[in-house]
file coords_14.cif (mmCIF, C-alpha atoms)
data_structure
#
loop_
_atom_site.group_PDB
_atom_site.id
_atom_site.type_symbol
_atom_site.label_atom_id
_atom_site.label_comp_id
_atom_site.auth_asym_id
_atom_site.auth_seq_id
_atom_site.Cartn_x
_atom_site.Cartn_y
_atom_site.Cartn_z
ATOM 1 C CA MET A 1 -7.678 17.521 -10.790
ATOM 2 C CA ALA A 2 -5.186 15.296 -9.030
ATOM 3 C CA LYS A 3 -1.750 14.537 -10.404
ATOM 4 C CA HIS A 4 -1.276 10.843 -11.087
ATOM 5 C CA TYR A 5 2.106 9.348 -10.325
ATOM 6 C CA ARG A 6 3.445 6.004 -11.449
ATOM 7 C CA GLY A 7 6.390 4.301 -9.896
ATOM 8 C CA ASN A 8 7.763 1.362 -8.032
ATOM 9 C CA ARG A 9 5.303 -0.621 -5.956
ATOM 10 C CA PHE A 10 6.486 -1.716 -2.499
ATOM 11 C CA GLU A 11 5.095 -4.501 -0.345
ATOM 12 C CA VAL A 12 4.368 -3.269 3.180
ATOM 13 C CA ASP A 13 2.325 -4.289 6.185
ATOM 14 C CA TRP A 14 0.871 -1.073 7.592
ATOM 15 C CA SER A 15 -2.401 -0.418 9.383
ATOM 16 C CA LEU A 16 -5.080 1.553 7.549
ATOM 17 C CA SER A 17 -8.485 3.009 8.281
ATOM 18 C CA VAL A 18 -11.137 3.475 5.588
ATOM 19 C CA LYS A 19 -14.105 5.835 5.662
ATOM 20 C CA TYR A 20 -16.751 5.753 2.914
ATOM 21 C CA ASN A 21 -19.850 8.003 2.663
ATOM 22 C CA GLY A 22 -19.608 9.010 6.296
ATOM 23 C CA GLU A 23 -19.828 5.379 7.404
ATOM 24 C CA GLU A 24 -17.849 4.305 10.416
ATOM 25 C CA THR A 25 -14.127 3.977 9.962
ATOM 26 C CA LEU A 26 -13.011 0.396 9.465
ATOM 27 C CA ALA A 27 -9.647 -1.155 10.210
ATOM 28 C CA ALA A 28 -7.782 -2.493 7.183
ATOM 29 C CA ARG A 29 -4.208 -3.176 6.108
ATOM 30 C CA VAL A 30 -1.969 -1.887 3.344
ATOM 31 C CA VAL A 31 -0.604 -4.641 1.088
ATOM 32 C CA ASN A 32 1.483 -2.456 -1.216
ATOM 33 C CA VAL A 33 1.991 1.202 -2.023
ATOM 34 C CA SER A 34 3.461 3.369 -4.774
ATOM 35 C CA ALA A 35 3.615 7.094 -5.487
ATOM 36 C CA GLY A 36 0.444 6.782 -7.560
ATOM 37 C CA GLY A 37 -1.708 4.547 -5.437
ATOM 38 C CA ILE A 38 -2.243 1.955 -2.782
ATOM 39 C CA PHE A 39 -3.523 -1.622 -2.567
ATOM 40 C CA PHE A 40 -5.253 -2.574 0.659
ATOM 41 C CA ALA A 41 -7.294 -5.380 2.172
ATOM 42 C CA CYS A 42 -10.528 -4.311 3.828
ATOM 43 C CA PRO A 43 -13.739 -5.973 5.040
ATOM 44 C CA PHE A 44 -15.822 -3.057 3.707
ATOM 45 C CA PRO A 45 -17.578 -3.885 0.391
ATOM 46 C CA LEU A 46 -16.224 -1.315 -2.073
ATOM 47 C CA LYS A 47 -16.692 -1.101 -5.849
ATOM 48 C CA SER A 48 -14.664 0.349 -8.692
ATOM 49 C CA GLY A 49 -15.261 4.082 -8.844
ATOM 50 C CA ASN A 50 -15.911 4.498 -5.108
ATOM 51 C CA VAL A 51 -14.054 7.421 -3.546
ATOM 52 C CA VAL A 52 -12.941 6.813 0.037
ATOM 53 C CA ASP A 53 -10.931 8.597 2.688
ATOM 54 C CA ILE A 54 -8.010 6.622 4.054
ATOM 55 C CA LYS A 55 -5.497 7.116 6.806
ATOM 56 C CA PHE A 56 -2.540 4.778 7.103
ATOM 57 C CA THR A 57 0.226 4.498 9.637
ATOM 58 C CA ASP A 58 3.691 3.450 8.493
ATOM 59 C CA HIS A 59 6.356 1.498 10.355
ATOM 60 C CA TRP A 60 7.649 4.742 11.964
ATOM 61 C CA GLY A 61 4.222 5.702 13.258
ATOM 62 C CA GLU A 62 3.757 8.509 10.714
ATOM 63 C CA GLN A 63 0.178 8.977 9.520
ATOM 64 C CA VAL A 64 -0.769 9.809 5.947
ATOM 65 C CA HIS A 65 -4.269 10.982 5.017
ATOM 66 C CA ALA A 66 -5.565 10.786 1.444
ATOM 67 C CA LYS A 67 -8.654 10.534 -0.704
ATOM 68 C CA VAL A 68 -8.463 7.623 -3.154
ATOM 69 C CA THR A 69 -10.555 6.169 -5.964
ATOM 70 C CA VAL A 70 -11.032 2.414 -6.149
ATOM 71 C CA VAL A 71 -9.769 1.378 -9.590
ATOM 72 C CA TRP A 72 -10.022 -2.409 -9.301
ATOM 73 C CA THR A 73 -10.869 -5.133 -6.799
ATOM 74 C CA ARG A 74 -9.844 -8.738 -6.268
ATOM 75 C CA SER A 75 -10.177 -11.475 -3.681
ATOM 76 C CA LEU A 76 -7.063 -12.387 -1.744
ATOM 77 C CA GLU A 77 -5.984 -15.901 -0.807
ATOM 78 C CA SER A 78 -6.809 -15.024 2.807
ATOM 79 C CA GLY A 79 -10.462 -14.560 1.791
ATOM 80 C CA GLU A 80 -10.269 -10.782 2.251
ATOM 81 C CA LYS A 81 -11.234 -8.342 -0.486
ATOM 82 C CA GLY A 82 -8.406 -6.285 -1.941
ATOM 83 C CA TYR A 83 -8.750 -2.836 -3.483
ATOM 84 C CA GLY A 84 -6.340 -1.168 -5.900
ATOM 85 C CA CYS A 85 -6.741 2.582 -5.518
ATOM 86 C CA ARG A 86 -5.379 5.745 -7.116
ATOM 87 C CA PHE A 87 -4.441 8.728 -4.950
ATOM 88 C CA GLU A 88 -6.791 11.609 -5.794
ATOM 89 C CA GLU A 89 -6.264 14.167 -3.039
ATOM 90 C CA ILE A 90 -3.305 14.207 -0.714
ATOM 91 C CA ALA A 91 -2.070 17.238 1.224
ATOM 92 C CA ASP A 92 1.465 18.444 0.541
ATOM 93 C CA VAL A 93 2.647 17.413 4.004
ATOM 94 C CA ASP A 94 1.215 13.909 3.525
ATOM 95 C CA ARG A 95 2.746 13.687 0.024
ATOM 96 C CA ARG A 96 6.150 14.556 1.514
ATOM 97 C CA ILE A 97 5.784 11.832 4.154
ATOM 98 C CA LEU A 98 4.738 9.312 1.489
ATOM 99 C CA ASN A 99 7.626 10.264 -0.800
ATOM 100 C CA SER A 100 10.071 9.929 2.092
ATOM 101 C CA LEU A 101 8.710 6.453 2.862
ATOM 102 C CA LEU A 102 8.976 5.399 -0.778
ATOM 103 C CA CYS A 103 12.568 6.647 -0.938
ATOM 104 C CA GLU A 104 13.384 4.625 2.180
ATOM 105 C CA LEU A 105 11.810 1.491 0.695
ATOM 106 C CA LEU A 106 13.647 1.995 -2.595
ATOM 107 C CA GLN A 107 16.920 2.426 -0.706
ATOM 108 C CA LYS A 108 16.255 -0.892 1.043
ATOM 109 C CA GLN A 109 15.786 -2.592 -2.340
ATOM 110 C CA ILE A 110 18.985 -1.030 -3.669
ATOM 111 C CA GLU A 111 20.961 -2.180 -0.629
ATOM 112 C CA GLN A 112 19.571 -5.701 -0.989
ATOM 113 C CA ALA A 113 20.483 -5.750 -4.678
ATOM 114 C CA ALA A 114 23.992 -4.486 -3.921
ATOM 115 C CA SER A 115 24.464 -7.242 -1.362
ATOM 116 C CA GLY A 116 23.947 -9.821 -4.101
ATOM 117 C CA LYS A 117 20.375 -10.813 -3.278
ATOM 118 C CA THR A 118 18.217 -11.613 -6.273
ATOM 119 C CA TRP A 119 14.973 -9.778 -6.960
ATOM 120 C CA SER A 120 12.781 -12.829 -7.214
ATOM 121 C CA ALA A 121 12.843 -16.407 -6.030
ATOM 122 C CA GLU A 122 12.556 -19.376 -8.384
ATOM 123 C CA ASP A 123 8.803 -19.399 -7.840
ATOM 124 C CA GLY A 124 8.616 -15.725 -8.874
ATOM 125 C CA SER A 125 7.849 -14.423 -5.385
ATOM 126 C CA ARG A 126 9.687 -11.677 -3.587
ATOM 127 C CA LEU A 127 9.102 -13.014 -0.094
ATOM 128 C CA HIS A 128 12.815 -13.586 0.425
ATOM 129 C CA LEU A 129 13.260 -9.781 0.387
ATOM 130 C CA PHE A 130 10.895 -9.537 3.346
ATOM 131 C CA PRO A 131 11.905 -12.230 5.855
ATOM 132 C CA GLU A 132 9.059 -11.284 8.194
ATOM 133 C CA ARG A 133 6.499 -11.973 5.425
ATOM 134 C CA ALA A 134 8.177 -15.232 4.440
ATOM 135 C CA GLN A 135 7.767 -16.473 8.007
ATOM 136 C CA LYS A 136 4.050 -15.551 7.928
ATOM 137 C CA ALA A 137 3.587 -17.355 4.610
ATOM 138 C CA ALA A 138 5.201 -20.567 5.889
#

call {"tool": "encode", "arguments": {"input": "coords_14.cif", "output": "structure tokens"}}
result
Amino acid sequence: MAKHYRGNRFEVDWSLSVKYNGEETLAARVVNVSAGGIFFACPFPLKSGNVVDIKFTDHWGEQVHAKVTVVWTRSLESGEKGYGCRFEEIADVDRRILNSLLCELLQKQIEQAASGKTWSAEDGSRLHLFPERAQKAA
């Protein structure tokens, strides 16, 4: 049985591939990630309870492979389907890479907080913490 971790969720924009029931691998994108799971947008029609193999590439080019269970789904403003998933199986080496990435993202948040930046804008968004995303949203 997999260990389930809970922790901070970080917005990211990483590439992802999804493979379900031996079907072809589809390109997708990671929306956010935590130690316990991942939320991604994907054109593949998945349902709660589906178990899929994923491989994502971070901003350093590191690849992480994992087996995840779809816990919930929702439609995104972009029209894409989004899938909230729990990590089920992840090799130790991939877990170490993921933990290192999460530590780096947390350090970025800490540095931003120390520099006097607020955690959320008046509208409740956090886009100001990710200038590259704020430009995309404009």

call {"tool": "resolve_selection", "arguments": {"input": "coords_14.cif", "expression": "the PyMOL selection byres ((chain A and resi 64) around 8)", "output": "list in words"}}
result
Lys55, Phe56, Thr57, Glu62, Gln63, His65, Ala66, Asp94, Arg95, Ile97 and Leu98 of chain A

call {"tool": "write_last_selection", "arguments": {"input": "coords_14.cif", "atoms": "C-alpha atoms", "output": "short mmCIF file (atom, residue, chain, number, x, y, z; two decimals), keeping the file's coordinate frame"}}
result
data_model
loop_
_atom_site.label_atom_id
_atom_site.label_comp_id
_atom_site.auth_asym_id
_atom_site.auth_seq_id
_atom_site.Cartn_x
_atom_site.Cartn_y
_atom_site.Cartn_z
CA LYS A 55 -5.50 7.12 6.81
CA PHE A 56 -2.54 4.78 7.10
CA THR A 57 0.23 4.50 9.64
CA GLU A 62 3.76 8.51 10.71
CA GLN A 63 0.18 8.98 9.52
CA HIS A 65 -4.27 10.98 5.02
CA ALA A 66 -5.56 10.79 1.44
CA ASP A 94 1.22 13.91 3.52
CA ARG A 95 2.75 13.69 0.02
CA ILE A 97 5.78 11.83 4.15
CA LEU A 98 4.74 9.31 1.49
#

call {"tool": "atom_distance", "arguments": {"input": "coords_14.cif", "atom1": "atom CA of Ile54 of chain A", "atom2": "atom CA of Ser34 of chain A"}}
result
14.8 Å

call {"tool": "closest_residue", "arguments": {"input": "coords_14.cif", "among": "A:Ala28, A:Ile38, A:Leu16, A:Leu76", "to": "Leu102 of chain A", "atoms": "all atoms listed in the file"}}
result
A:Ile38

call {"tool": "atom_distance", "arguments": {"input": "coords_14.cif", "atom1": "atom CA of Tyr83 of chain A", "atom2": "atom CA of Val71 of chain A"}}
result
7.5 Å

call {"tool": "residues_around", "arguments": {"input": "coords_14.cif", "residues": "Lys47 of chain A", "least_positions_apart": "6", "cutoff": "12 Å", "atoms": "only C-alpha atoms", "output": "list in words"}}
result
Tyr20, Thr69, Val70, Val71, Trp72, Thr73, Arg74, Lys81, Gly82, Tyr83, Gly84 and Cys85 of chain A

call {"tool": "resolve_selection", "arguments": {"input": "coords_14.cif", "expression": "the PyMOL selection byres ((chain A and resi 89) around 10)", "output": "ChimeraX atom specification"}}
result
/A:1-3,53,65-69,86-88,90-92,94-95

call {"tool": "closest_residue", "arguments": {"input": "coords_14.cif", "among": "A:Val52, A:Ala114, A:Val12, A:Ala27", "to": "Leu101 of chain A", "atoms": "only C-alpha atoms"}}
result
A:Val12

call {"tool": "atom_distance", "arguments": {"input": "coords_14.cif", "atom1": "atom CA of Asp13 of chain A", "atom2": "atom CA of Val30 of chain A"}}
result
5.7 Å

call {"tool": "closest_atom_pairs", "arguments": {"input": "coords_14.cif", "of": "segment 29-86 of chain A", "to": "segment 103-113 of chain A", "cutoff": "12 Å", "atoms": "all atoms listed in the file", "output": "CSV"}}
result
residue,atom,partner,partner_atom,distance
A:Asn32,CA,A:Leu105,CA,11.2
A:Val33,CA,A:Leu105,CA,10.2
A:Ser34,CA,A:Leu105,CA,10.2
A:Ala35,CA,A:Cys103,CA,10.1
A:Asp58,CA,A:Leu105,CA,11.4
A:His59,CA,A:Leu105,CA,11.1
A:Trp60,CA,A:Glu104,CA,11.3

call {"tool": "residues_near_point", "arguments": {"input": "coords_14.cif", "point": "(-19.9, -3.2, 1.9)", "cutoff": "12 Å", "atoms": "all atoms listed in the file", "output": "mmCIF file with C-alpha atoms, in the coordinates of the input"}}
result
data_model
loop_
_atom_site.group_PDB
_atom_site.id
_atom_site.type_symbol
_atom_site.label_atom_id
_atom_site.label_comp_id
_atom_site.auth_asym_id
_atom_site.auth_seq_id
_atom_site.Cartn_x
_atom_site.Cartn_y
_atom_site.Cartn_z
ATOM 1 C CA VAL A 18 -11.137 3.475 5.588
ATOM 2 C CA LYS A 19 -14.105 5.835 5.662
ATOM 3 C CA TYR A 20 -16.751 5.753 2.914
ATOM 4 C CA ASN A 21 -19.850 8.003 2.663
ATOM 5 C CA GLU A 23 -19.828 5.379 7.404
ATOM 6 C CA GLU A 24 -17.849 4.305 10.416
ATOM 7 C CA LEU A 26 -13.011 0.396 9.465
ATOM 8 C CA CYS A 42 -10.528 -4.311 3.828
ATOM 9 C CA PRO A 43 -13.739 -5.973 5.040
ATOM 10 C CA PHE A 44 -15.822 -3.057 3.707
ATOM 11 C CA PRO A 45 -17.578 -3.885 0.391
ATOM 12 C CA LEU A 46 -16.224 -1.315 -2.073
ATOM 13 C CA LYS A 47 -16.692 -1.101 -5.849
ATOM 14 C CA ASN A 50 -15.911 4.498 -5.108
ATOM 15 C CA LYS A 81 -11.234 -8.342 -0.486
#

call {"tool": "axis_aligned_box", "arguments": {"input": "coords_14.cif", "around": "segment 80-90 of chain A", "padding_each_side": "4 Å", "output": "AutoDock Vina command-line options"}}
result
--center_x -7.3 --center_y 1.7 --center_z -2.4 --size_x 15.9 --size_y 33.0 --size_z 17.4
